[in-house]
Amino acid sequence: MEGRYEIKDITLKWMQEEQRTFCPDGKTPKLLFSHENSHLRPFAPNVTFKSYSESDLDCCLATEKDFGQVDSLFSNETDYMSSDYHSWLRERNHMVFLAKLHGQVIGVCSSHIVDDGQTALLECAKVAASERGKGAARLMYKNLIELVRARYPEVKKQSFISDPKLDRGFCVLGKQSLISLRVPSINVPTLISEVISNMKKRGDEYYEPIPLQPDDVQSIFLNRTVIDTLLPGGRIIVNGSVFKPLESNLDILLKRDIVWRANRKGNPRALSLGTAPYRDPMGNRVFVINMFGEDLSAVKSVFLSQLQSLPPLQENVICLLSVNSSLSPQMWEFCINEMGHEKGKQYWNDEIIVEDDISQNYI
C-alpha cells in the first residue's frame with residue numbers, strides 16, 4: 001500500500017522503483033525481469049537509461065535543513081514523511097539517509113537499530129519519479145547498509161515489511177492483510193454505539209476492551225503464549241515497522257503516541273496498536289491500526305475501541321487497518337456493510353514480515 005505502507009514507498013518500494021521500466025510509446029509502466037544467474041534482475045528491452053555511479057550521487061545523513069526537499073518527494077495519499085521526519089532525526093539509533101544529485105535530494109531511506117542492537121529495521125525508501133530506474137535506490141541502499149555496518153558492527157540482521165508480490169526469495173516470518181477505509185465524517189461515538197448495540201442484539205460475543213498501561217504492555221507482549229499465538233511471526237508490527245517483543249523495543253514504542261488495547265489482560269485473544277492521526281499531502285487525516293489475533297469477535301471489539309479513542313475529526317479520515325489474513329474477508333464485510341465505511345485506495349492487499357542476514361542484498 002503506498003503512503004504508510006511503502007518500504008511502504010513503506011516497504012521495499014525501492015524494488016518497484018528500480019525494477020520499473022517505461023515503454024517507449026509512453027504507455028503504462030511495466031515490471032520486466034530476466035532470470036540471469038538465477039536472480040531476478042531488471043530487464044528493459046530496447047530502452048536505455050543512464051545508470052548512476054558512486055561518483056554521481058552524494059549519499060549522506062539527513063538534517064533538519066533537508067526537510068523541505070525530502071517532503072517534496074512525498075505527494076501520495078497516506079504518505080507520512082512530514083509527520084515522521086523530525087522525530088526520526090531525534091530518535092536514538094535512527095538514521096535518515098539521502099541521495100543527492102547536484103545538491104538536490106532525489107532519494108531517501110531510513111534505518112532504525114532495534115532488537116537490542118542486533119537488527120537494522122528498514123522503514124522507508126523513496127526515489128523521485130524522474131530518477132527511477134537509474135540505480136539511485138541501489139546506491140542509496142548500499143551506502144546505508146555500509147554505514148550501518150560501520151557504526152553498528154554488532155548488527156547481524158535486517159528486517160522490513162514488504163508486499164508479497166515483491167518476494168525475491170525473502171526469509172518471511174509472517175503475514176498480515178491490509179484494509180484501507182474511508183471513515184465518513186459523522187458522529188463516530190454514536191456510530192460505534194449503534195454497531196455495538198446491533199452486535200449484542202444478534203447475540204454476537206462482545207468484549208469490553210481494556211486500555212493497556214505501560215506495565216500491562218510489558219507483561220502481555222513479553223508473554224510467550226501471546227508471542228506464539230497472537231503476534232504474526234512472533235513480531236510486533238506498528239506503522240509498517242517490525243519489532244521483536246523485547247523490553248528494549250517496548251521501551252521505544254512506549255515513548256511514541258500509540259494507543260494500546262486488548263480484549264482483556266489475562267489470556268488476551270486480540271491485541272492492537274493504534275497511532276495518532278497524521279495529515280497526508282492530500283489533506284486527509286490518516287490513522288493506522290495494527291490488529292493481532294484470530295478471534296473475530298475479540299478483534300471487532302478491540303477495533304471499535306481503537307475508533308473510540310480517536311479525537312473528534314471533521315476532515316476526510318482514512319483508516320489503514322492490518323489484520324490476520326484469516327479474518328480479512330469478515331473484517332472487510334464488517335467495516336463496509338455494518339459500519340458504513342467506504343473502501344479506500346488499496347495499493348497492497350497483504351504485507352509480509354521479512355528478516356534476513358544484514359549481508360543479504362535485495363537490490
# chains A, B, ... in the order shown; residues from 1 in each chain; ligands from 1

$ residues_around --residues "Asp280 (chain A)" --least-positions-apart "4" --cutoff "6 Å" --atoms "only C-alpha atoms" --output "VMD selection string"
chain A and resid 78 to 80 284

$ residues_around --residues "region 185-201 of chain A" --least-positions-apart "4" --cutoff "12 Å" --atoms "only C-alpha atoms" --output "PyMOL selection string"
chain A and resi 205-208+284-285+297+300-318+334-335+337-342

$ write_last_selection --atoms "C-alpha atoms" --output "PDB file, in the first residue's frame"
ATOM      1  CA  GLU A 205     -19.923 -12.048  21.528  1.00  0.00           C
ATOM      2  CA  TYR A 206     -18.693  -8.594  22.545  1.00  0.00           C
ATOM      3  CA  TYR A 207     -15.726  -7.805  24.757  1.00  0.00           C
ATOM      4  CA  GLU A 208     -15.281  -4.546  26.640  1.00  0.00           C
ATOM      5  CA  ASN A 284      -6.637  13.623   4.746  1.00  0.00           C
ATOM      6  CA  ARG A 285      -6.250  12.633   8.373  1.00  0.00           C
ATOM      7  CA  SER A 297     -15.424 -11.133  17.937  1.00  0.00           C
ATOM      8  CA  LYS A 300     -14.023  -6.475  16.168  1.00  0.00           C
ATOM      9  CA  SER A 301     -14.353  -5.322  19.779  1.00  0.00           C
ATOM     10  CA  VAL A 302     -10.792  -4.042  20.016  1.00  0.00           C
ATOM     11  CA  PHE A 303     -11.060  -2.366  16.606  1.00  0.00           C
ATOM     12  CA  LEU A 304     -14.148  -0.468  17.759  1.00  0.00           C
ATOM     13  CA  SER A 305     -12.275   0.557  20.892  1.00  0.00           C
ATOM     14  CA  GLN A 306      -9.474   1.984  18.770  1.00  0.00           C
ATOM     15  CA  LEU A 307     -12.001   4.065  16.819  1.00  0.00           C
ATOM     16  CA  GLN A 308     -13.466   5.304  20.093  1.00  0.00           C
ATOM     17  CA  SER A 309     -10.029   6.556  21.141  1.00  0.00           C
ATOM     18  CA  LEU A 310      -9.803   8.917  18.176  1.00  0.00           C
ATOM     19  CA  PRO A 311     -10.093  12.653  18.788  1.00  0.00           C
ATOM     20  CA  PRO A 312     -13.022  14.436  17.065  1.00  0.00           C
ATOM     21  CA  LEU A 313     -12.176  14.775  13.376  1.00  0.00           C
ATOM     22  CA  GLN A 314     -14.189  16.804  10.889  1.00  0.00           C
ATOM     23  CA  GLU A 315     -11.907  16.225   7.902  1.00  0.00           C
ATOM     24  CA  ASN A 316     -11.623  13.343   5.468  1.00  0.00           C
ATOM     25  CA  VAL A 317     -10.408  10.393   7.526  1.00  0.00           C
ATOM     26  CA  ILE A 318      -8.581   7.316   6.248  1.00  0.00           C
ATOM     27  CA  PHE A 334     -17.929  -5.715   8.948  1.00  0.00           C
ATOM     28  CA  CYS A 335     -16.329  -2.371   8.091  1.00  0.00           C
ATOM     29  CA  ASN A 337     -21.643  -3.295   5.488  1.00  0.00           C
ATOM     30  CA  GLU A 338     -22.101  -2.836   9.230  1.00  0.00           C
ATOM     31  CA  MET A 339     -20.094   0.309   9.899  1.00  0.00           C
ATOM     32  CA  GLY A 340     -20.780   2.098   6.629  1.00  0.00           C
ATOM     33  CA  HIS A 341     -17.143   2.847   5.856  1.00  0.00           C
ATOM     34  CA  GLU A 342     -16.056   3.175   2.239  1.00  0.00           C
TER      35      GLU A 342
END

$ closest_residue --among "A:Tyr141, A:Phe160, A:Trp348, A:Trp260" --to "Gln218 (chain A)" --atoms "only C-alpha atoms"
A:Trp260

$ select_by_dssp --residues "region 49-211 of chain A" --states "strand (DSSP E)" --output "MDAnalysis selection string"
chainID A and resid 58:61 94:101 104:114 119:127 157:162 172:183 210:211

$ write_last_selection --atoms "N, CA and C atoms" --output "short mmCIF file (atom, residue, chain, number, x, y, z; two decimals), in the first residue's frame"
data_model
loop_
_atom_site.label_atom_id
_atom_site.label_comp_id
_atom_site.auth_asym_id
_atom_site.auth_seq_id
_atom_site.Cartn_x
_atom_site.Cartn_y
_atom_site.Cartn_z
N ASP A 58 25.69 12.05 -4.09
CA ASP A 58 26.19 12.29 -2.74
C ASP A 58 25.22 11.62 -1.78
N CYS A 59 25.62 10.50 -1.18
CA CYS A 59 24.79 9.78 -0.21
C CYS A 59 25.22 10.20 1.19
N CYS A 60 24.29 10.74 1.96
CA CYS A 60 24.65 11.33 3.25
C CYS A 60 23.48 11.25 4.22
N LEU A 61 23.78 11.50 5.49
CA LEU A 61 22.74 11.54 6.51
C LEU A 61 21.92 12.82 6.36
N HIS A 94 18.46 6.04 15.11
CA HIS A 94 17.60 6.14 13.93
C HIS A 94 18.31 7.01 12.90
N MET A 95 18.50 6.51 11.71
CA MET A 95 19.22 7.25 10.67
C MET A 95 18.32 7.47 9.46
N VAL A 96 18.25 8.70 9.00
CA VAL A 96 17.58 9.02 7.74
C VAL A 96 18.68 9.34 6.73
N PHE A 97 18.66 8.66 5.61
CA PHE A 97 19.76 8.70 4.66
C PHE A 97 19.26 9.23 3.31
N LEU A 98 20.06 10.09 2.69
CA LEU A 98 19.64 10.76 1.46
C LEU A 98 20.57 10.44 0.29
N ALA A 99 20.01 10.53 -0.90
CA ALA A 99 20.80 10.54 -2.12
C ALA A 99 20.58 11.91 -2.77
N LYS A 100 21.69 12.62 -3.03
CA LYS A 100 21.59 13.95 -3.63
C LYS A 100 22.29 13.98 -4.98
N LEU A 101 21.69 14.70 -5.91
CA LEU A 101 22.25 14.91 -7.24
C LEU A 101 22.41 16.41 -7.44
N GLN A 104 20.59 18.45 -4.91
CA GLN A 104 19.14 18.26 -4.82
C GLN A 104 18.83 16.85 -4.34
N VAL A 105 17.97 16.73 -3.33
CA VAL A 105 17.58 15.41 -2.81
C VAL A 105 16.73 14.69 -3.85
N ILE A 106 17.16 13.50 -4.24
CA ILE A 106 16.38 12.70 -5.19
C ILE A 106 15.94 11.37 -4.58
N GLY A 107 16.40 11.07 -3.36
CA GLY A 107 16.01 9.81 -2.73
C GLY A 107 16.22 9.87 -1.23
N VAL A 108 15.43 9.05 -0.53
CA VAL A 108 15.53 8.98 0.93
C VAL A 108 15.24 7.55 1.38
N CYS A 109 15.94 7.11 2.39
CA CYS A 109 15.64 5.84 3.03
C CYS A 109 16.03 5.97 4.50
N SER A 110 15.60 5.02 5.32
CA SER A 110 15.93 5.13 6.74
C SER A 110 16.17 3.76 7.35
N SER A 111 16.90 3.77 8.45
CA SER A 111 17.18 2.56 9.20
C SER A 111 17.16 2.88 10.69
N HIS A 112 16.57 1.97 11.45
CA HIS A 112 16.49 2.12 12.89
C HIS A 112 17.10 0.87 13.52
N ILE A 113 18.07 1.04 14.38
CA ILE A 113 18.73 -0.10 15.01
C ILE A 113 17.88 -0.54 16.21
N VAL A 114 17.36 -1.77 16.14
CA VAL A 114 16.43 -2.27 17.15
C VAL A 114 16.86 -3.67 17.60
N THR A 119 19.51 -5.70 15.00
CA THR A 119 18.78 -5.65 13.73
C THR A 119 18.70 -4.22 13.20
N ALA A 120 18.89 -4.09 11.89
CA ALA A 120 18.65 -2.82 11.20
C ALA A 120 17.25 -2.88 10.59
N LEU A 121 16.34 -2.12 11.18
CA LEU A 121 14.97 -2.06 10.68
C LEU A 121 14.90 -1.03 9.56
N LEU A 122 14.57 -1.48 8.35
CA LEU A 122 14.46 -0.61 7.19
C LEU A 122 13.01 -0.15 7.08
N GLU A 123 12.80 1.17 7.15
CA GLU A 123 11.43 1.68 7.28
C GLU A 123 10.93 2.47 6.09
N CYS A 124 11.78 3.09 5.34
CA CYS A 124 11.28 3.98 4.30
C CYS A 124 12.26 4.03 3.14
N ALA A 125 11.73 4.03 1.93
CA ALA A 125 12.58 4.23 0.75
C ALA A 125 11.76 4.93 -0.31
N LYS A 126 12.31 5.99 -0.87
CA LYS A 126 11.60 6.76 -1.89
C LYS A 126 12.60 7.39 -2.83
N VAL A 127 12.34 7.29 -4.11
CA VAL A 127 13.16 7.94 -5.13
C VAL A 127 12.26 8.82 -5.97
N LYS A 157 21.26 -8.60 11.49
CA LYS A 157 20.07 -8.83 10.69
C LYS A 157 19.53 -7.53 10.10
N GLN A 158 18.78 -7.64 9.02
CA GLN A 158 17.97 -6.55 8.51
C GLN A 158 16.52 -7.05 8.48
N SER A 159 15.58 -6.16 8.77
CA SER A 159 14.18 -6.54 8.74
C SER A 159 13.37 -5.43 8.11
N PHE A 160 12.22 -5.80 7.54
CA PHE A 160 11.34 -4.82 6.92
C PHE A 160 10.00 -5.47 6.62
N ILE A 161 9.03 -4.63 6.28
CA ILE A 161 7.73 -5.08 5.82
C ILE A 161 7.67 -4.88 4.31
N SER A 162 7.12 -5.85 3.59
CA SER A 162 7.09 -5.75 2.13
C SER A 162 5.80 -6.31 1.57
N VAL A 172 10.70 -15.05 5.03
CA VAL A 172 9.43 -14.50 5.50
C VAL A 172 9.04 -15.12 6.84
N LEU A 173 8.78 -14.26 7.83
CA LEU A 173 8.40 -14.74 9.17
C LEU A 173 6.90 -14.81 9.36
N GLY A 174 6.15 -13.93 8.72
CA GLY A 174 4.72 -13.88 8.92
C GLY A 174 4.04 -12.99 7.91
N LYS A 175 2.71 -12.91 8.00
CA LYS A 175 1.93 -12.18 7.01
C LYS A 175 0.69 -11.59 7.68
N GLN A 176 0.30 -10.41 7.25
CA GLN A 176 -0.94 -9.76 7.65
C GLN A 176 -1.65 -9.25 6.40
N SER A 177 -2.95 -9.04 6.50
CA SER A 177 -3.71 -8.45 5.40
C SER A 177 -4.02 -6.99 5.71
N LEU A 178 -4.15 -6.19 4.65
CA LEU A 178 -4.35 -4.76 4.78
C LEU A 178 -5.73 -4.36 4.31
N ILE A 179 -6.34 -3.44 5.03
CA ILE A 179 -7.66 -2.93 4.72
C ILE A 179 -7.60 -1.41 4.76
N SER A 180 -7.91 -0.76 3.65
CA SER A 180 -7.90 0.69 3.58
C SER A 180 -9.34 1.20 3.58
N LEU A 181 -9.66 2.07 4.52
CA LEU A 181 -11.03 2.53 4.70
C LEU A 181 -11.12 4.05 4.72
N ARG A 182 -12.21 4.55 4.17
CA ARG A 182 -12.56 5.96 4.32
C ARG A 182 -13.68 6.05 5.35
N VAL A 183 -13.40 6.77 6.41
CA VAL A 183 -14.36 6.89 7.50
C VAL A 183 -15.22 8.13 7.26
N ILE A 210 -9.83 -3.30 26.98
CA ILE A 210 -9.08 -2.72 28.09
C ILE A 210 -7.95 -1.84 27.55
N PRO A 211 -7.89 -0.56 27.97
CA PRO A 211 -6.70 0.25 27.65
C PRO A 211 -5.51 -0.30 28.41
#

$ select_by_dssp --residues "region 104-194 of chain A" --states "alpha helix (DSSP H)" --output "PyMOL selection string"
chain A and resi 136-151+188-194

$ write_last_selection --atoms "N, CA, C and O atoms" --output "compact mmCIF listing (two decimals), in the first residue's frame"
# COMPACT_ATOMS: atom_id res chain seq x y z
N ALA A 136 19.58 4.74 -8.49
CA ALA A 136 19.72 5.60 -7.32
C ALA A 136 19.36 4.84 -6.04
O ALA A 136 20.06 4.94 -5.03
N ALA A 137 18.28 4.06 -6.07
CA ALA A 137 17.87 3.31 -4.88
C ALA A 137 18.92 2.28 -4.50
O ALA A 137 19.21 2.08 -3.32
N ARG A 138 19.50 1.64 -5.50
CA ARG A 138 20.52 0.63 -5.23
C ARG A 138 21.73 1.24 -4.53
O ARG A 138 22.25 0.70 -3.55
N LEU A 139 22.19 2.39 -5.03
CA LEU A 139 23.35 3.04 -4.42
C LEU A 139 23.02 3.56 -3.03
O LEU A 139 23.84 3.47 -2.11
N MET A 140 21.83 4.10 -2.87
CA MET A 140 21.42 4.62 -1.57
C MET A 140 21.36 3.49 -0.54
O MET A 140 21.88 3.62 0.58
N TYR A 141 20.74 2.39 -0.92
CA TYR A 141 20.64 1.23 -0.03
C TYR A 141 22.02 0.68 0.30
O TYR A 141 22.33 0.38 1.46
N LYS A 142 22.89 0.56 -0.69
CA LYS A 142 24.25 0.05 -0.49
C LYS A 142 25.01 0.92 0.51
O LYS A 142 25.65 0.41 1.45
N ASN A 143 24.93 2.24 0.33
CA ASN A 143 25.65 3.14 1.23
C ASN A 143 25.05 3.14 2.63
O ASN A 143 25.79 3.25 3.62
N LEU A 144 23.73 3.01 2.73
CA LEU A 144 23.10 2.94 4.04
C LEU A 144 23.56 1.70 4.80
O LEU A 144 23.93 1.78 5.98
N ILE A 145 23.55 0.55 4.14
CA ILE A 145 23.97 -0.69 4.80
C ILE A 145 25.45 -0.61 5.20
O ILE A 145 25.82 -1.06 6.29
N GLU A 146 26.28 -0.01 4.36
CA GLU A 146 27.70 0.15 4.71
C GLU A 146 27.84 1.02 5.95
O GLU A 146 28.68 0.74 6.83
N LEU A 147 27.04 2.09 6.05
CA LEU A 147 27.09 2.96 7.22
C LEU A 147 26.63 2.22 8.47
O LEU A 147 27.24 2.33 9.54
N VAL A 148 25.55 1.45 8.33
CA VAL A 148 25.05 0.66 9.47
C VAL A 148 26.13 -0.29 9.97
O VAL A 148 26.41 -0.38 11.18
N ARG A 149 26.78 -1.00 9.06
CA ARG A 149 27.78 -2.00 9.46
C ARG A 149 29.02 -1.33 10.06
O ARG A 149 29.69 -1.92 10.92
N ALA A 150 29.33 -0.11 9.62
CA ALA A 150 30.48 0.60 10.18
C ALA A 150 30.17 1.15 11.58
O ALA A 150 31.00 1.06 12.49
N ARG A 151 28.98 1.71 11.75
CA ARG A 151 28.61 2.31 13.04
C ARG A 151 28.16 1.28 14.06
O ARG A 151 28.34 1.48 15.27
N VAL A 188 -18.74 9.64 15.22
CA VAL A 188 -18.16 8.31 15.37
C VAL A 188 -18.62 7.63 16.66
O VAL A 188 -18.99 6.44 16.62
N PRO A 189 -18.65 8.29 17.82
CA PRO A 189 -19.12 7.61 19.03
C PRO A 189 -20.54 7.06 18.89
O PRO A 189 -20.84 5.96 19.34
N THR A 190 -21.43 7.86 18.25
CA THR A 190 -22.80 7.39 18.05
C THR A 190 -22.83 6.18 17.14
O THR A 190 -23.55 5.20 17.41
N LEU A 191 -22.06 6.22 16.06
CA LEU A 191 -21.99 5.09 15.13
C LEU A 191 -21.52 3.83 15.85
O LEU A 191 -22.10 2.75 15.70
N ILE A 192 -20.46 3.96 16.63
CA ILE A 192 -19.91 2.79 17.31
C ILE A 192 -20.90 2.23 18.32
O ILE A 192 -21.06 1.00 18.45
N SER A 193 -21.62 3.10 19.03
CA SER A 193 -22.64 2.64 19.99
C SER A 193 -23.72 1.84 19.28
O SER A 193 -24.18 0.80 19.78
N GLU A 194 -24.12 2.31 18.09
CA GLU A 194 -25.14 1.59 17.32
C GLU A 194 -24.63 0.23 16.85
O GLU A 194 -25.36 -0.77 16.89

$ closest_residue --among "A:Tyr85, A:Phe292, A:Phe74, A:Phe67" --to "Arg235 (chain A)" --atoms "only C-alpha atoms"
A:Phe292

$ atom_distance --atom1 "CA of Gly117 (chain A)" --atom2 "CA of Gly240 (chain A)"
19.4 Å

$ closest_residue --among "A:Gly344, A:Gly135, A:Gly169, A:Pro209" --to "Ser53 (chain A)" --atoms "only C-alpha atoms"
A:Gly135
